[in-house]
Structure formats: structure tokens, C-alpha cells
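Content type compact mmCIF, C-alpha atoms, from the file structure_35.txt:
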```
# COMPACT_ATOMS: atom_id res chain seq x y z
CA MET A 145 -33.83 8.68 108.92
CA ARG A 146 -35.10 11.73 110.84
CA THR A 147 -37.17 14.41 109.13
CA ILE A 148 -35.65 17.36 107.29
CA SER A 149 -37.17 19.77 109.81
CA ASP A 150 -35.52 17.87 112.66
CA THR A 151 -32.13 18.10 110.97
CA ILE A 152 -32.58 21.82 110.25
CA THR A 153 -33.59 22.46 113.87
CA ARG A 154 -30.42 20.79 115.11
CA LEU A 155 -28.27 22.74 112.68
CA ALA A 156 -29.85 26.04 113.70
CA ALA A 157 -29.28 25.22 117.37
CA LEU A 158 -25.53 25.41 116.77
CA ARG A 159 -25.77 29.18 116.48
CA THR A 160 -26.66 29.43 120.17
CA ALA A 161 -24.57 26.47 121.35
CA GLY A 162 -21.52 28.61 122.05
CA ALA A 163 -18.17 28.53 120.31
CA SER A 164 -15.83 28.84 123.29
CA SER A 165 -15.85 25.59 125.22
CA GLY A 166 -12.08 25.43 124.93
CA PHE A 167 -9.53 27.10 127.24
CA PRO A 168 -7.67 30.33 126.43
CA ALA A 169 -5.11 29.77 123.67
CA SER A 170 -2.60 31.98 125.48
CA THR A 171 -2.13 29.31 128.15
CA SER A 172 -1.22 26.60 125.65
CA ARG A 173 2.03 24.66 126.10
CA LEU A 174 2.05 23.53 122.48
CA ALA A 175 4.41 24.47 119.64
CA ARG A 176 3.27 24.93 116.05
CA LEU A 177 4.09 22.17 113.55
CA SER A 178 4.90 23.46 110.08
CA ASP A 179 6.13 22.05 106.76
CA PHE A 180 4.66 18.61 107.31
CA GLY A 181 3.39 17.97 103.78
CA SER A 182 0.78 18.99 101.23
CA ASN A 183 -1.91 19.19 103.94
CA PRO A 184 -4.92 18.55 101.68
CA GLY A 185 -7.32 18.86 104.61
CA GLY A 186 -6.08 22.34 105.53
CA LEU A 187 -5.51 21.53 109.21
CA ASN A 188 -3.22 23.16 111.75
CA GLY A 189 -0.80 21.03 113.75
CA TYR A 190 0.73 21.47 117.21
CA LEU A 191 3.30 19.47 119.20
CA TYR A 192 4.27 18.89 122.77
CA VAL A 193 7.62 17.20 123.41
CA PRO A 194 8.59 16.90 127.10
CA GLN A 195 12.07 17.90 128.25
CA THR A 196 12.78 14.27 129.11
CA LEU A 197 11.82 12.11 126.15
CA GLY A 198 12.14 8.39 126.71
CA LYS A 199 14.19 6.09 124.49
CA ASN A 200 12.12 4.88 121.52
CA ALA A 201 9.42 7.23 122.74
CA ALA A 202 5.80 6.83 121.73
CA LEU A 203 3.66 9.40 119.92
CA VAL A 204 0.04 10.11 120.88
CA VAL A 205 -2.20 11.93 118.39
CA ILE A 206 -5.02 13.86 120.07
CA LEU A 207 -8.13 15.12 118.24
CA HIS A 208 -10.26 17.77 119.96
CA GLY A 209 -14.06 17.95 119.84
CA CYS A 210 -16.37 20.50 118.24
CA THR A 211 -15.95 24.15 119.38
CA GLN A 212 -12.60 23.21 120.96
CA ASN A 213 -8.98 23.85 119.99
CA ALA A 214 -5.76 21.93 120.45
CA GLY A 215 -4.38 23.93 123.37
CA GLY A 216 -7.68 23.96 125.22
CA TYR A 217 -8.18 20.23 124.90
CA ASP A 218 -4.65 19.61 126.18
CA ILE A 219 -5.31 21.69 129.29
CA GLY A 220 -8.66 20.05 129.94
CA ALA A 221 -7.62 16.43 129.43
CA GLY A 222 -4.14 16.87 130.93
CA TRP A 223 -2.25 15.17 128.14
CA SER A 224 0.93 17.25 128.42
CA GLU A 225 0.95 16.59 132.19
CA MET A 226 0.93 12.87 131.45
CA ALA A 227 3.60 13.27 128.76
CA ASP A 228 5.87 15.05 131.27
CA ARG A 229 5.49 12.19 133.74
CA HIS A 230 6.08 9.35 131.29
CA GLY A 231 8.26 10.70 128.49
CA PHE A 232 6.21 10.46 125.28
CA ALA A 233 5.44 13.04 122.58
CA LEU A 234 2.07 14.55 121.63
CA LEU A 235 0.65 15.68 118.29
CA PHE A 236 -2.50 17.82 118.17
CA PRO A 237 -4.12 18.29 114.75
CA GLU A 238 -6.47 21.28 114.88
CA GLN A 239 -9.47 22.16 112.74
CA GLN A 240 -9.85 25.58 111.09
CA ARG A 241 -13.09 27.53 110.72
CA GLN A 242 -12.83 27.73 106.95
CA ASN A 243 -13.13 23.93 106.91
CA ASN A 244 -15.85 23.66 109.54
CA PRO A 245 -17.49 26.70 111.20
CA ASN A 246 -17.89 24.88 114.51
CA LEU A 247 -14.33 23.46 114.46
CA CYS A 248 -15.47 19.83 114.08
CA PHE A 249 -13.32 17.37 112.18
CA ASN A 250 -15.24 16.31 109.06
CA TRP A 251 -15.51 12.62 109.97
CA PHE A 252 -18.67 12.16 107.88
CA SER A 253 -17.28 13.56 104.61
CA ARG A 254 -15.94 11.26 101.90
CA ASP A 255 -13.46 14.00 101.06
CA ASP A 256 -11.91 13.60 104.52
CA ASN A 257 -12.70 10.18 106.01
CA ARG A 258 -10.70 7.81 103.81
CA ARG A 259 -7.08 6.82 103.33
CA ASP A 260 -4.82 9.23 101.44
CA ALA A 261 -7.43 12.01 101.17
CA GLY A 262 -8.36 15.26 102.91
CA GLU A 263 -8.10 15.60 106.67
CA ALA A 264 -7.12 11.95 107.17
CA LEU A 265 -4.09 12.40 104.93
CA SER A 266 -3.15 15.69 106.62
CA ILE A 267 -3.06 13.91 109.98
CA ARG A 268 -1.03 11.05 108.50
CA GLN A 269 1.47 13.57 107.12
CA MET A 270 1.76 15.22 110.54
CA VAL A 271 2.50 11.83 112.12
CA ALA A 272 5.26 11.05 109.61
CA ALA A 273 6.88 14.49 110.02
CA THR A 274 6.77 14.32 113.85
CA ILE A 275 8.32 10.85 113.97
CA ALA A 276 11.12 11.96 111.63
CA GLN A 277 11.84 15.22 113.46
CA HIS A 278 12.01 13.73 116.96
CA GLY A 279 13.21 10.16 116.37
CA LEU A 280 10.06 8.56 117.77
CA ASP A 281 9.19 4.87 117.59
CA PRO A 282 6.95 4.27 114.52
CA ALA A 283 5.65 1.09 116.15
CA ARG A 284 4.31 3.07 119.13
CA VAL A 285 1.88 5.56 117.59
CA PHE A 286 -1.59 5.98 119.11
CA VAL A 287 -4.62 8.17 118.45
CA THR A 288 -7.48 9.43 120.61
CA GLY A 289 -10.29 11.94 120.27
CA LEU A 290 -13.51 13.31 121.73
CA SER A 291 -16.87 13.41 119.93
CA ALA A 292 -16.19 14.49 116.32
CA GLY A 293 -12.53 13.97 117.24
CA GLY A 294 -13.45 10.49 118.46
CA ALA A 295 -15.19 9.76 115.17
CA MET A 296 -12.08 11.04 113.36
CA ALA A 297 -9.94 8.77 115.55
CA SER A 298 -12.11 5.89 114.29
CA THR A 299 -11.34 7.08 110.76
CA MET A 300 -7.58 7.13 111.36
CA LEU A 301 -7.61 3.65 112.93
CA ALA A 302 -9.55 2.19 110.00
CA ALA A 303 -7.76 4.08 107.23
CA TYR A 304 -4.26 3.60 108.67
CA PRO A 305 -4.20 0.43 110.81
CA ASP A 306 -0.61 -0.02 109.65
CA VAL A 307 0.33 3.26 111.37
CA PHE A 308 -1.48 3.10 114.72
CA ALA A 309 -0.81 0.52 117.41
CA GLY A 310 -3.91 1.56 119.33
CA GLY A 311 -6.69 4.09 119.63
CA ALA A 312 -9.13 5.52 122.16
CA ILE A 313 -12.57 6.76 121.11
CA ILE A 314 -14.35 9.03 123.61
CA ALA A 315 -18.06 9.75 122.98
CA GLY A 316 -17.43 8.95 119.32
CA LEU A 317 -18.85 6.83 116.53
CA PRO A 318 -17.78 3.78 114.50
CA TYR A 319 -15.88 4.23 111.26
CA GLY A 320 -17.85 4.66 108.04
CA CYS A 321 -21.30 4.77 109.66
CA ALA A 322 -22.21 8.08 107.96
CA ASN A 323 -21.32 9.78 104.70
CA THR A 324 -23.98 12.54 104.58
CA VAL A 325 -25.25 15.24 106.92
CA PRO A 326 -28.60 13.53 107.73
CA GLN A 327 -26.84 10.20 108.28
CA ALA A 328 -24.42 11.84 110.70
CA PHE A 329 -27.27 13.15 112.86
CA ASP A 330 -29.07 9.81 112.73
CA ARG A 331 -25.99 7.86 113.83
CA MET A 332 -25.25 10.34 116.61
CA ARG A 333 -28.73 9.65 117.95
CA GLY A 334 -28.30 5.90 117.56
CA HIS A 335 -30.68 5.51 114.60
CA ASP A 336 -30.26 3.21 111.59
CA MET A 337 -26.75 2.07 112.44
CA PRO A 338 -25.35 -0.43 109.89
CA ARG A 339 -25.29 -4.04 111.05
CA ALA A 340 -22.24 -5.22 112.99
CA SER A 341 -20.98 -7.33 110.10
CA GLU A 342 -21.28 -4.33 107.75
CA LEU A 343 -19.33 -2.13 110.16
CA THR A 344 -16.53 -4.69 110.32
CA GLU A 345 -16.36 -4.92 106.54
CA LEU A 346 -16.07 -1.14 106.32
CA VAL A 347 -12.82 -1.37 108.29
CA ARG A 348 -11.55 -4.31 106.23
CA GLY A 349 -12.12 -2.34 103.03
CA ALA A 350 -10.67 0.94 104.25
CA SER A 351 -6.99 0.11 103.71
CA GLY A 352 -6.43 -3.40 102.38
CA HIS A 353 -4.63 -4.18 105.65
CA ALA A 354 -4.81 -7.80 106.83
CA GLY A 355 -3.68 -7.31 110.44
CA PRO A 356 -2.53 -7.13 113.11
CA TRP A 357 -5.14 -4.57 114.13
CA PRO A 358 -4.92 -1.63 116.56
CA THR A 359 -6.17 -2.13 120.11
CA ILE A 360 -9.29 -0.08 120.92
CA SER A 361 -10.30 1.75 124.12
CA ILE A 362 -13.90 3.06 124.18
CA TRP A 363 -15.35 5.61 126.61
CA HIS A 364 -18.95 6.81 126.77
CA GLY A 365 -21.38 8.31 129.29
CA THR A 366 -24.79 6.77 129.92
CA ALA A 367 -26.43 10.23 129.94
CA ASP A 368 -24.85 11.48 126.71
CA ALA A 369 -27.58 13.43 124.86
CA THR A 370 -25.30 14.43 121.97
CA VAL A 371 -23.89 11.08 120.82
CA SER A 372 -25.98 8.09 121.90
CA HIS A 373 -24.30 5.60 124.21
CA SER A 374 -25.34 2.87 121.75
CA ASN A 375 -22.41 3.97 119.57
CA ALA A 376 -20.02 2.44 122.11
CA GLN A 377 -21.42 -1.04 121.49
CA ALA A 378 -21.33 -0.42 117.74
CA ILE A 379 -17.61 0.32 117.98
CA VAL A 380 -17.05 -2.89 119.97
CA ASP A 381 -19.01 -4.81 117.35
CA GLN A 382 -17.01 -3.22 114.53
CA TRP A 383 -13.58 -4.22 115.86
CA ARG A 384 -14.22 -7.45 117.82
CA PRO A 385 -14.27 -9.83 114.80
CA LEU A 386 -11.03 -8.32 113.48
CA HIS A 387 -9.29 -9.34 116.70
CA GLY A 388 -10.96 -12.76 116.81
CA ALA A 389 -12.54 -11.91 120.17
CA ARG A 390 -15.63 -13.63 121.50
CA ALA A 391 -19.02 -11.89 121.61
CA ALA A 392 -19.09 -11.88 125.42
CA PRO A 393 -16.43 -9.87 127.26
CA ASP A 394 -13.64 -11.85 128.87
CA HIS A 395 -13.12 -9.47 131.78
CA PHE A 396 -15.45 -7.26 133.79
CA GLU A 397 -14.68 -4.91 136.68
CA THR A 398 -15.93 -1.76 138.36
CA VAL A 399 -13.53 1.20 138.44
CA GLY A 400 -14.45 4.31 140.43
CA GLY A 401 -18.08 3.26 140.29
CA HIS A 402 -18.00 2.76 136.51
CA ALA A 403 -18.17 -0.48 134.51
CA ARG A 404 -15.21 -1.69 132.48
CA ARG A 405 -15.51 -4.59 130.02
CA ALA A 406 -12.60 -6.09 128.10
CA TRP A 407 -12.16 -8.55 125.25
CA THR A 408 -9.04 -10.64 124.58
CA ASP A 409 -7.49 -12.19 121.50
CA ALA A 410 -6.42 -15.82 121.11
CA THR A 411 -3.27 -15.18 123.17
CA GLY A 412 -5.22 -13.75 126.12
CA ARG A 413 -4.08 -10.17 125.48
CA GLU A 414 -6.71 -7.49 126.07
CA VAL A 415 -7.39 -5.88 122.68
CA ILE A 416 -10.65 -4.01 123.29
CA GLU A 417 -11.81 -2.27 126.46
CA GLU A 418 -15.00 -0.31 127.06
CA TYR A 419 -15.75 2.03 129.96
CA THR A 420 -19.38 2.92 130.64
CA ILE A 421 -19.41 6.11 132.73
CA THR A 422 -22.54 6.12 134.86
CA GLY A 423 -24.57 9.33 134.67
CA MET A 424 -22.02 11.21 132.56
CA GLY A 425 -23.10 13.40 129.66
CA HIS A 426 -21.10 14.36 126.58
CA GLY A 427 -17.43 14.87 127.33
CA THR A 428 -14.06 13.52 128.40
CA PRO A 429 -14.01 11.68 131.78
CA LEU A 430 -11.58 13.22 134.27
CA ASP A 431 -10.14 12.67 137.72
CA THR A 432 -8.72 16.06 138.64
CA LEU A 433 -8.60 15.55 142.42
CA SER A 434 -6.51 12.46 143.15
CA GLY A 435 -2.74 12.53 143.35
CA ASP A 436 -2.29 10.72 140.04
CA GLY A 437 -5.13 12.41 138.14
CA CYS A 438 -4.68 15.19 135.62
CA GLY A 439 -6.52 17.87 133.68
CA VAL A 440 -8.97 20.66 134.48
CA SER A 441 -12.74 20.22 134.47
CA GLY A 442 -14.98 22.49 132.42
CA ALA A 443 -17.33 22.34 129.46
CA TYR A 444 -17.13 18.82 127.96
CA MET A 445 -14.28 18.03 130.39
CA LEU A 446 -16.15 16.21 133.15
CA GLU A 447 -15.01 15.32 136.67
CA VAL A 448 -16.31 11.77 137.27
CA ASN A 449 -13.63 10.26 139.54
CA ILE A 450 -11.87 8.40 136.73
CA SER A 451 -9.13 9.71 134.42
CA SER A 452 -9.62 8.54 130.86
CA THR A 453 -6.23 10.07 130.00
CA GLN A 454 -4.39 8.05 132.63
CA ARG A 455 -6.21 4.79 131.96
CA ILE A 456 -5.86 5.07 128.19
CA CYS A 457 -2.12 5.50 128.71
CA ASN A 458 -2.12 2.40 130.90
CA PHE A 459 -4.00 0.37 128.27
CA TRP A 460 -1.37 1.39 125.70
CA GLY A 461 1.52 0.50 128.02
CA LEU A 462 2.76 4.08 128.36
CA LEU A 463 2.78 4.29 132.18
CA GLN A 464 6.18 3.63 133.65
CA GLY A 465 7.13 1.29 136.51
CA ALA A 466 5.11 1.64 139.69
CA ASP A 467 2.76 4.13 138.01
CA ALA A 468 1.24 1.37 135.88
CA ILE A 469 -2.26 0.62 137.11
CA GLY A 470 -2.28 -2.75 138.83
CA ALA A 471 1.30 -2.29 140.06
CA ARG A 472 0.29 0.03 142.89
CA ILE A 473 -2.48 0.87 145.36
CA PRO A 474 -4.51 3.88 144.13
CA SER A 475 -3.79 7.01 146.09
CA GLU A 476 -6.41 8.87 148.08
CA PRO A 477 -7.85 12.11 146.65
CA GLU A 478 -5.70 15.16 147.31
CA PRO A 479 -7.86 18.24 146.63
CA ALA A 480 -5.03 20.58 147.64
CA ARG A 481 -2.48 18.96 145.32
CA ARG A 482 -2.84 21.78 142.81
CA GLU A 483 -5.07 24.83 142.65
CA LYS A 484 -7.43 24.33 139.77
CA ALA A 485 -10.60 26.18 138.98
CA VAL A 486 -13.43 23.69 138.54
CA VAL A 487 -15.99 25.12 136.18
CA ALA A 488 -19.56 23.80 136.26
CA ASP A 489 -19.69 20.71 134.07
CA THR A 490 -21.83 20.86 130.98
CA ILE A 491 -23.49 17.45 131.01
CA GLY A 492 -25.64 16.33 128.14
CA ALA A 493 -25.36 19.60 126.21
CA ALA A 494 -26.36 19.00 122.61
CA VAL A 495 -23.59 20.29 120.36
CA PRO A 496 -23.70 18.22 117.17
CA PRO A 497 -21.06 18.71 114.51
CA THR A 498 -21.37 21.35 111.82
CA PHE A 499 -20.36 20.95 108.24
CA ARG A 500 -18.13 22.80 105.86
CA GLN A 501 -19.12 24.36 102.56
CA PRO A 502 -19.25 21.68 99.83
CA LEU A 503 -16.72 21.52 97.08
CA SER A 504 -17.84 21.57 93.45
CA GLY A 505 -18.60 18.06 92.27
CA ASP A 506 -19.42 16.76 95.77
CA SER A 507 -22.42 14.77 94.59
CA HIS A 508 -23.84 13.67 97.92
CA ARG A 509 -24.38 17.29 98.98
CA ALA A 510 -25.79 18.62 95.71
CA GLY A 511 -29.50 19.36 95.21
CA GLY A 512 -32.62 18.07 96.94
CA VAL A 513 -32.35 17.48 100.66
CA SER A 514 -28.70 18.53 100.74
CA LYS A 515 -29.53 21.95 99.25
CA ILE A 516 -32.23 22.52 101.88
CA ILE A 517 -29.77 21.63 104.64
CA GLU A 518 -27.07 23.87 103.18
CA ASP A 519 -29.55 26.77 102.96
CA ALA A 520 -30.39 26.20 106.62
CA LEU A 521 -26.70 26.24 107.52
CA ARG A 522 -26.21 29.56 105.75
CA SER A 523 -29.27 31.14 107.32
CA ALA A 524 -28.02 30.02 110.72
CA GLY A 525 -24.66 31.64 110.04
CA LEU A 526 -22.84 28.31 110.07
CA MET A 527 -21.85 28.16 106.40
CA ARG A 528 -20.62 30.80 104.04
```
Before we go any further, please render this structure as C-alpha cells.
Amino acid sequence: MRTISDTITRLAALRTAGASSGFPASTSRLARLSDFGSNPGGLNGYLYVPQTLGKNAALVVILHGCTQNAGGYDIGAGWSEMADRHGFALLFPEQQRQNNPNLCFNWFSRDDNRRDAGEALSIRQMVAATIAQHGLDPARVFVTGLSAGGAMASTMLAAYPDVFAGGAIIAGLPYGCANTVPQAFDRMRGHDMPRASELTELVRGASGHAGPWPTISIWHGTADATVSHSNAQAIVDQWRPLHGARAAPDHFETVGGHARRAWTDATGREVIEEYTITGMGHGTPLDTLSGDGCGVSGAYMLEVNISSTQRICNFWGLLQGADAIGARIPSEPEPARREKAVVADTIGAAVPPTFRQPLSGDSHRAGGVSKIIEDALRSAGLMR
């Protein structure tokens, strides 16, 4: 475990990290979701339903990263563009500042990272309400997220494997690897990760589910200075035994200059894929220039000549007909296809998650080291 002073330094750095890496809310295409349940995690919810919704349409749940919001992440990653093209619905849970001053999902908190509690239950309630309201296919529900949102996507996949057919974790962490503030920072830096067998057992014990298990798509940059790239392998190790996959990958290829590994189950179906994005820092991989790319580059939305949004959709079977990757020849880049401002990419910027004020009776945050950390949060203006 790192020293207390190291943890406090990282917490204090959040004050100057900037709280506006999202896009203007006024440009959002999303509609507010209301009356979806008891909402114990106190989250907001937003929807995007394209004008042409396919029969037995899928639902994709999208979890933004720290300092971001739902509408901004949609613009950056291009999810509603992809939904328009292929006829599936989108659900965007959104964090509120009273829960977390830096708008991170509380993936490390036992109040929020387990089945039928806190933020995890709020998201589950949103999923149920959206499926009921729009007649979506409950067997085709997927979840993805960036950074703290990626760690929360891990939580949803482990806590509700009976709900999600697949997930995609971008610059995230394995489920259950941290339950305290210092542990969260250690795991983000790749320190003291539980053993692979322990990580797998954390998933087994999260729901009582016996399978089948969600498919997993993992994305991480080799130059990520916020969440260590070693977390990608930890996620592979956590889920591989559940699928009965071998230790060595069954498939390997290079896509846009980046390595893709894949593992199959006993039937030969790919159940885990991992993309290693060469030289990329902390963020969502984008291809904004080619004819079939999507999104807008900016802070934590990084142009690297490969669209994680598009390829995640392909892995989940959401791309239609000739658009499915492998059924066509990739198109050449078309810089003039749409006028998009490309903001300088923020690569490797260290924006770790912040943490909400503890509830009374939250034993792991009371006294000792936790009190010192909380005092540091308050002095940095990150906790009330």
C-alpha cells in the first residue's frame, strides 16, 4: 500500500485537475429518465432512443468517467450516432456532485458496488424501467464505461450477470479489487492486486449466478498514467476461468496498429477480447476520421485510428448486415465527411476518482487513516 502522504497528494491534485472535460450539456441529444424506482444511489438517468428502433432492439448502458457527464460522453464516444445507424437504445446513468464531487461513480464503495445496493441498484432499476417503457429485448442488454465508469461496468457485470449479455471495460479495473480509498489508488497504479483466482471468486460470490457469463471486451492504453495498463490483464484473469477459456489467447491480430487478443469458450465462440492501444493515455479510443468512425476527440476522448464504440458494437453483434466488421473492406479515411473540431488530446493526465462524504456507520472510512484522508479531501475542497 502507498503512503498516506502519497494518497493525500493525489487527492489534493484533483482540485487543479479541472472539472469540465465533458462537452456542453446544451448540445446533448439525450432525454431525462424519471420514475424508474427508489434510486438508492441518487443517480440521474438519460435515454437515447433512435427514430428507427429495430425489432427486439438491444439496450446499451453507458457509464461516463470522472469529471464527465452523460451528454458529453455521448458526444465524445459517438454512441447515439451508432444507435441511429443500427437501431438500438441507449441508457446513460449520470453521477451527481452530492454523491461524488468529481462526478466519479463510487465503484470502490461497499455501499455502491454490490448487488441490490446503492448505485448498482439504481442502474439496475434504470435498466428495468427502460426495457419496460420501450419494449426492448431483455436478453440483449450490454454495459460499457470509461475509467471509474469502466470499474462500475465491472461491478454491474459481476453483480448482475443475469441481466447483462456482455460488457466493455475501457481503462477500468476488475470487480471487487478495492473497497477503501487507499486500496482504490493502489489498484489504479497496479499495486497489490488480488491474485487471479481471488478475483474470479469475487465474481462468483457477487450474485450466486452459475452462468452463462457475460462476454467481456477490454480496452486500455499502454501509456495510461491514471489507471495502470496491468489492470487489463487482471480483468482477463478475472473472467477467463468463468468462461472455461485457456490461459493463452486463441486469436491474435493487429487492428489499426494496435494488438487485439481474444479467448474462446468450448464451442469456439469468442467470449473475451482485449485491445492494447499503443501509446495511448487515459481515455476512450476513437476513430473520428474514417467514413464509418464516430465521435469527437477531446479530453479523455482520444483519436487513435480505431473506434472502440464501433468495435464493441461488433463484438456484441449489434452491427447490421454489411456494416459488421469482417463482412466488408474497411473504408479509407474521409476527413471531410463531417466538420468536427478536434481538441488537443489529453494523454496520460492523472485524474483519479474522488470520493463522497461517508455515511454514518460506514466502518471502513471511520477513524485512523480514513479520517486523515477525509480531512485532506475537505481541505482540498473535494468533500463537504
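Restricting the calculation to all atoms listed in the file, the smallest distance between Val307 of chain A and any of A:Ser351, A:Gln277, A:Thr324, A:Asn246 is found for A:Ser351.
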* **Spatial neighbours of Ala297 of chain A, max dist 9 Å, all atoms listed in the file, sep filter under 2 positions, as a count of residues only** => 21
* Structure fact -> Nearest to Leu280 of chain A, restricted to all atoms listed in the file and choosing among A:Ala261, A:Ala233, A:Cys210, A:Ala391, comes out as A:Ala233
* For atom CA of Ser441 of chain A and atom CA of Ala315 of chain A, quote the distance in Å rounded to one decimal. => 16.4 Å
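The residue that comes closest to Thr359 of chain A, out of A:Gly279, A:Gly461, A:Gly334, A:Gly400 and on the basis of only C-alpha atoms, is A:Gly461.
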* Structure fact -> Students should find that atom CA of Arg259 of chain A and atom CA of Val415 of chain A are spaced 23.1 Å
* Structure fact -> Counting all atoms listed in the file, closest pick from A:His373, A:Asp228, A:Arg333, A:Gly435 relative to Gln464 of chain A is A:Asp228
* Residue neighbourhood segment 263-270 of chain A, 10 Å, all atoms listed in the file, exclusion window fewer than 3 positions, as a PyMOL selection string -> chain A and resi 177-191+205+207+235-239+243+249-251+253+255-260+273-276+296-297+299-300+303-304+307
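What separates atom CA of Trp363 of chain A from atom CA of His395 of chain A is a distance of 16.1 Å.
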* To do: Show which residues sit within 7 Å of segment 452-460 of chain A, as a PyMOL selection string. Count only C-alpha atoms, and ignore same-chain residues fewer than 5 positions away.
  => chain A and resi 221+223+310+312+361+429-430+468-469
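Using all atoms listed in the file for every distance, the candidate list A:Gln242, A:Ser172, A:His278, A:Ala328 yields A:His278 as the residue closest to Gly198 of chain A.
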Met332 of chain A surroundings by only C-alpha atoms, 8 Å radius, close-in-sequence under 2 positions cut, as an mmCIF file with C-alpha atoms, in the coordinates of the input:
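Now in around.cif:
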```cif
data_model
loop_
_atom_site.group_PDB
_atom_site.id
_atom_site.type_symbol
_atom_site.label_atom_id
_atom_site.label_comp_id
_atom_site.auth_asym_id
_atom_site.auth_seq_id
_atom_site.Cartn_x
_atom_site.Cartn_y
_atom_site.Cartn_z
ATOM 1 C CA LEU A 317 -18.850 6.830 116.530
ATOM 2 C CA ALA A 328 -24.420 11.840 110.700
ATOM 3 C CA PHE A 329 -27.270 13.150 112.860
ATOM 4 C CA ASP A 330 -29.070 9.810 112.730
ATOM 5 C CA GLY A 334 -28.300 5.900 117.560
ATOM 6 C CA HIS A 335 -30.680 5.510 114.600
ATOM 7 C CA THR A 370 -25.300 14.430 121.970
ATOM 8 C CA VAL A 371 -23.890 11.080 120.820
ATOM 9 C CA SER A 372 -25.980 8.090 121.900
ATOM 10 C CA ASN A 375 -22.410 3.970 119.570
#
```
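Shortest separation to Gln327 of chain A among A:Phe252, A:Asp394, A:Thr432, A:Val204 occurs at residue A:Phe252, atoms counted being only C-alpha atoms.
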